[in-house]
Every structure is written in structure tokens, then in C-alpha cells.
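What follows is data_22.cif (mmCIF, C-alpha atoms).
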data_work
loop_
_atom_site.label_atom_id
_atom_site.label_comp_id
_atom_site.auth_asym_id
_atom_site.auth_seq_id
_atom_site.Cartn_x
_atom_site.Cartn_y
_atom_site.Cartn_z
CA MET M 1 -33.52 25.77 23.43
CA LYS M 2 -34.04 26.29 19.70
CA ILE M 3 -34.10 23.36 17.28
CA TYR M 4 -34.16 23.47 13.49
CA LEU M 5 -35.90 20.66 11.59
CA GLY M 6 -34.33 19.63 8.31
CA PHE M 7 -36.06 17.06 6.09
CA ARG M 8 -36.70 16.19 2.45
CA ILE M 9 -39.18 18.55 0.85
CA SER M 10 -38.61 18.11 -2.90
CA GLY M 11 -41.09 15.67 -4.37
CA SER M 12 -43.43 15.91 -1.37
CA SER M 13 -46.79 17.65 -1.23
CA TYR M 14 -47.53 20.70 0.90
CA GLU M 15 -50.03 18.62 2.86
CA ALA M 16 -47.52 15.84 3.63
CA VAL M 17 -44.77 18.27 4.62
CA THR M 18 -46.95 20.41 6.87
CA LYS M 19 -48.44 17.30 8.51
CA TYR M 20 -44.93 16.05 9.33
CA VAL M 21 -43.88 19.46 10.67
CA SER M 22 -47.02 19.76 12.77
CA ASN M 23 -46.55 16.32 14.35
CA VAL M 24 -42.85 16.78 15.13
CA GLN M 25 -43.31 20.36 16.29
CA GLU M 26 -46.06 19.34 18.70
CA GLU M 27 -43.84 16.66 20.21
CA LEU M 28 -40.79 18.92 20.50
CA ASP M 29 -42.83 21.88 21.78
CA SER M 30 -44.05 19.68 24.63
CA CYS M 31 -40.39 19.05 25.58
CA GLY M 32 -39.68 22.78 25.75
CA TYR M 33 -38.01 23.36 22.38
CA THR M 34 -38.64 26.37 20.19
CA VAL M 35 -39.01 24.75 16.77
CA MET M 36 -37.84 26.32 13.51
CA HIS M 37 -38.35 24.72 10.10
CA PRO M 38 -38.12 25.48 6.37
CA MET M 39 -41.90 25.72 5.89
CA THR M 40 -42.22 28.88 7.96
CA GLY M 41 -44.07 31.55 5.97
CA LYS M 42 -44.79 29.32 2.99
CA GLU M 43 -48.57 29.11 3.25
CA SER M 44 -48.76 30.52 -0.29
CA LEU M 45 -47.49 27.13 -1.52
CA ARG M 46 -50.42 25.21 0.00
CA THR M 47 -51.69 24.13 -3.43
CA GLU M 48 -48.42 22.37 -4.33
CA THR M 49 -48.93 18.66 -4.88
CA GLN M 50 -45.20 18.09 -5.45
CA PHE M 51 -42.53 20.58 -4.39
CA ASN M 52 -39.80 21.50 -6.84
CA ALA M 53 -36.11 21.25 -5.97
CA HIS M 54 -35.83 24.96 -6.72
CA GLY M 55 -37.60 28.16 -5.74
CA TYR M 56 -40.75 29.71 -7.09
CA ALA M 57 -40.48 32.90 -9.14
CA GLY M 58 -43.16 35.41 -8.27
CA ILE M 59 -43.42 34.31 -4.63
CA PRO M 60 -40.94 36.55 -2.81
CA GLN M 61 -40.52 34.30 0.25
CA ALA M 62 -40.03 31.21 -1.94
CA THR M 63 -37.42 32.27 -4.51
CA ASN M 64 -34.15 30.31 -4.57
CA HIS M 65 -32.31 33.09 -2.76
CA ALA M 66 -35.03 33.67 -0.17
CA ILE M 67 -35.23 29.96 0.67
CA PHE M 68 -31.46 29.61 1.01
CA GLU M 69 -30.91 32.76 3.05
CA ARG M 70 -33.86 32.28 5.39
CA ASP M 71 -33.13 28.60 6.07
CA ILE M 72 -29.42 29.26 6.72
CA TRP M 73 -30.39 32.19 8.97
CA MET M 74 -32.55 29.80 11.01
CA VAL M 75 -29.73 27.24 11.21
CA ARG M 76 -27.51 30.03 12.61
CA GLN M 77 -30.14 30.73 15.29
CA CYS M 78 -30.63 27.16 16.47
CA ASP M 79 -28.89 25.29 19.27
CA VAL M 80 -29.69 21.84 17.88
CA PHE M 81 -30.04 20.82 14.23
CA TYR M 82 -32.12 17.72 13.46
CA LEU M 83 -32.08 16.26 9.95
CA ASN M 84 -34.61 13.50 9.25
CA LEU M 85 -33.59 11.60 6.13
CA MET M 86 -35.88 8.62 6.70
CA ASP M 87 -38.16 9.57 3.79
CA ALA M 88 -35.31 10.37 1.43
CA ASP M 89 -34.80 6.94 -0.11
CA GLU M 90 -35.02 7.74 -3.81
CA ARG M 91 -34.01 11.38 -3.96
CA VAL M 92 -31.05 13.03 -2.28
CA SER M 93 -31.98 15.94 -0.02
CA ILE M 94 -29.45 18.49 -1.22
CA GLY M 95 -31.02 21.25 0.88
CA GLY M 96 -30.98 19.10 4.01
CA VAL M 97 -27.35 18.12 3.48
CA MET M 98 -26.37 21.76 2.85
CA GLU M 99 -28.11 22.76 6.07
CA LEU M 100 -26.31 19.95 7.92
CA ALA M 101 -22.95 21.17 6.59
CA VAL M 102 -23.66 24.73 7.74
CA ALA M 103 -24.87 23.52 11.15
CA ALA M 104 -21.72 21.42 11.61
CA ALA M 105 -19.46 24.29 10.50
CA LEU M 106 -21.18 26.58 13.03
CA GLY M 107 -20.64 24.08 15.84
CA LYS M 108 -24.33 23.25 16.32
CA HIS M 109 -25.25 19.91 17.88
CA THR M 110 -26.26 17.88 14.83
CA VAL M 111 -28.59 14.89 15.00
CA VAL M 112 -29.49 12.82 11.93
CA SER M 113 -31.92 9.96 11.42
CA MET M 114 -31.39 7.67 8.44
CA GLY M 115 -31.49 3.95 7.92
CA ALA M 116 -28.39 1.80 7.66
CA GLU M 117 -28.54 1.41 3.89
CA LYS M 118 -29.83 4.84 2.89
CA ILE M 119 -28.67 6.93 -0.06
CA HIS M 120 -27.27 9.62 2.26
CA ARG M 121 -24.65 7.29 3.79
CA HIS M 122 -21.76 9.42 2.62
CA ALA M 123 -18.55 10.39 4.43
CA PHE M 124 -19.57 14.07 4.64
CA VAL M 125 -22.97 13.32 6.17
CA LEU M 126 -21.51 10.72 8.53
CA GLU M 127 -18.82 13.12 9.74
CA ALA M 128 -21.01 16.23 9.93
CA ALA M 129 -23.53 14.46 12.18
CA ASP M 130 -22.71 14.34 15.88
CA VAL M 131 -25.27 11.60 16.45
CA ILE M 132 -26.91 9.28 13.89
CA TYR M 133 -29.98 7.16 14.58
CA GLU M 134 -31.44 4.51 12.30
CA THR M 135 -35.02 5.62 13.00
CA HIS M 136 -36.84 8.90 13.49
CA GLU M 137 -38.34 7.56 16.72
CA GLU M 138 -34.89 6.91 18.23
CA ALA M 139 -33.77 10.41 17.28
CA MET M 140 -36.88 11.93 18.85
CA LYS M 141 -36.30 10.05 22.10
CA TYR M 142 -32.75 11.40 22.18
CA LEU M 143 -33.93 14.96 21.49
CA GLU M 144 -36.50 14.65 24.27
CA ARG M 145 -33.80 13.46 26.71
CA LEU M 146 -31.65 16.50 25.86
CA MET M 147 -34.32 18.69 27.43
CA LEU M 148 -34.54 16.81 30.75
#
Write-out of the structure in C-alpha cells:
Amino acid sequence: MKIYLGFRISGSSYEAVTKYVSNVQEELDSCGYTVMHPMTGKESLRTETQFNAHGYAGIPQATNHAIFERDIWMVRQCDVFYLNLMDADERVSIGGVMELAVAAALGKHTVVSMGAEKIHRHAFVLEAADVIYETHEEAMKYLERLML
């Protein structure tokens, strides 16, 4: 089963983002998932200490259009969409919410983790998510059980 990982990238460093992806991917791989995520093919951004909320001119795989099209293509391919908003306290994850909307519109099983009083508590997010957990750990346990 294919799973797409959505999460806040803007404002984070390459190192922090790839560490998160590596940890979650390892856990989900061990359950039998094929993991897809927005950092695929973005090794050229490894020197970024804080990602922009927009693309990078001059890096073909990281222009605005390339990011949007490739991430939406991966959402189309997945069976399960997981959006982790736990680290998105101060900045809205517009990309993550857009991906969630597409996943919901395509009938994907959508799982979201966000705390009870988070900035993303909005009617559209609440209705687009099939399942909402208040911690990342709870969401991961659920995703693991889906593969049993």
C-alpha cells in the first residue's frame, strides 16, 4: 500500500525535514508501506537552513510548478494520505492543506495529526480528514494497524 507524507516544510531546515522523513519512512517501511513524500529528488536543497514557502528558480525540480505538479501526482498515486501538522503551530502549512484537499477530493483515506488547539483547526481541514489524532504517535499507531 502506498502512503504519502504531508508535513510543514516552510521555515524548516533541510536537515530537520529529512531527519523527520527518514524516521517516519523507516517506521512505515517496516509495516509494509511504500512511502512517498515531498522531499523526493530535492537533494540539491541540502544547504537550505530555512525553506521558503515558494519554489527555487534555477533548480528545475524545485520550481513552484514542479513542486506542485510532482506532489499532486504523488497524492494521486497513494492509497493513504497522512498529514502531520504537529509542528505547524506558528505558520499555516498551505501546501499540506492543499494536498489534503486533493487527497480528499480523490477519495484517498486521509489521516491528520494535530493538537486540539492548533492553527489548522478549520472546517475544511476537519471535514477533509477521515481520521484526526491529537498526536503524531497516535496517528502512527493507527497507520501501523491499517497494515495488519
Best match for closeness to Thr34 in chain M among M:Tyr142, M:Glu90, M:Gln77, M:Tyr133, counting all atoms listed in the file: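 When distances to Thr34 in chain M are compared using all atoms listed in the file, the smallest one comes from M:Gln77.
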Hey, which of M:Leu148, M:Ala101, M:Leu83, M:Met74 ends up closest to Ala123 in chain M? Count only C-alpha atoms. M:Ala101
Selection result for the PyMOL selection byres ((chain M and resi 108) around 8) on this file, as a count of residues only: 11
Among listed residues M:His37, M:Arg8, M:Lys19, M:Lys42, nearest His120 in chain M (using all atoms listed in the file):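 Distance minimum relative to His120 in chain M lands on M:Arg8.
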Nearest candidate to Glu117 in chain M (options M:Met1, M:Val35, M:Leu85, M:Ala16; using all atoms listed in the file):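 Smallest distance to Glu117 in chain M is found for M:Leu85.
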Measure the distance from CA of His65 in chain M to CA of Gly95 in chain M in Å and round it to one decimal. 12.5 Å
As a check of understanding, name the residues that the PyMOL selection byres ((chain M and resi 72) around 10) selects in the supplied structure, as an NGL selection string. :M and (38 or 66-71 or 73-77 or 98-100 or 102-103)
Taking into account all atoms listed in the file, which residue in the set M:Val97, M:Met36, M:Val111, M:Ala57 is nearest to Phe124 in chain M?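 Using all atoms listed in the file, the shortest distance to Phe124 in chain M belongs to M:Val97.
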Using all atoms listed in the file, list the residues that have an atom at most 6 Å from (-52.6, 22.6, 2.0), coordinates as in the file, as a count of residues only. 4
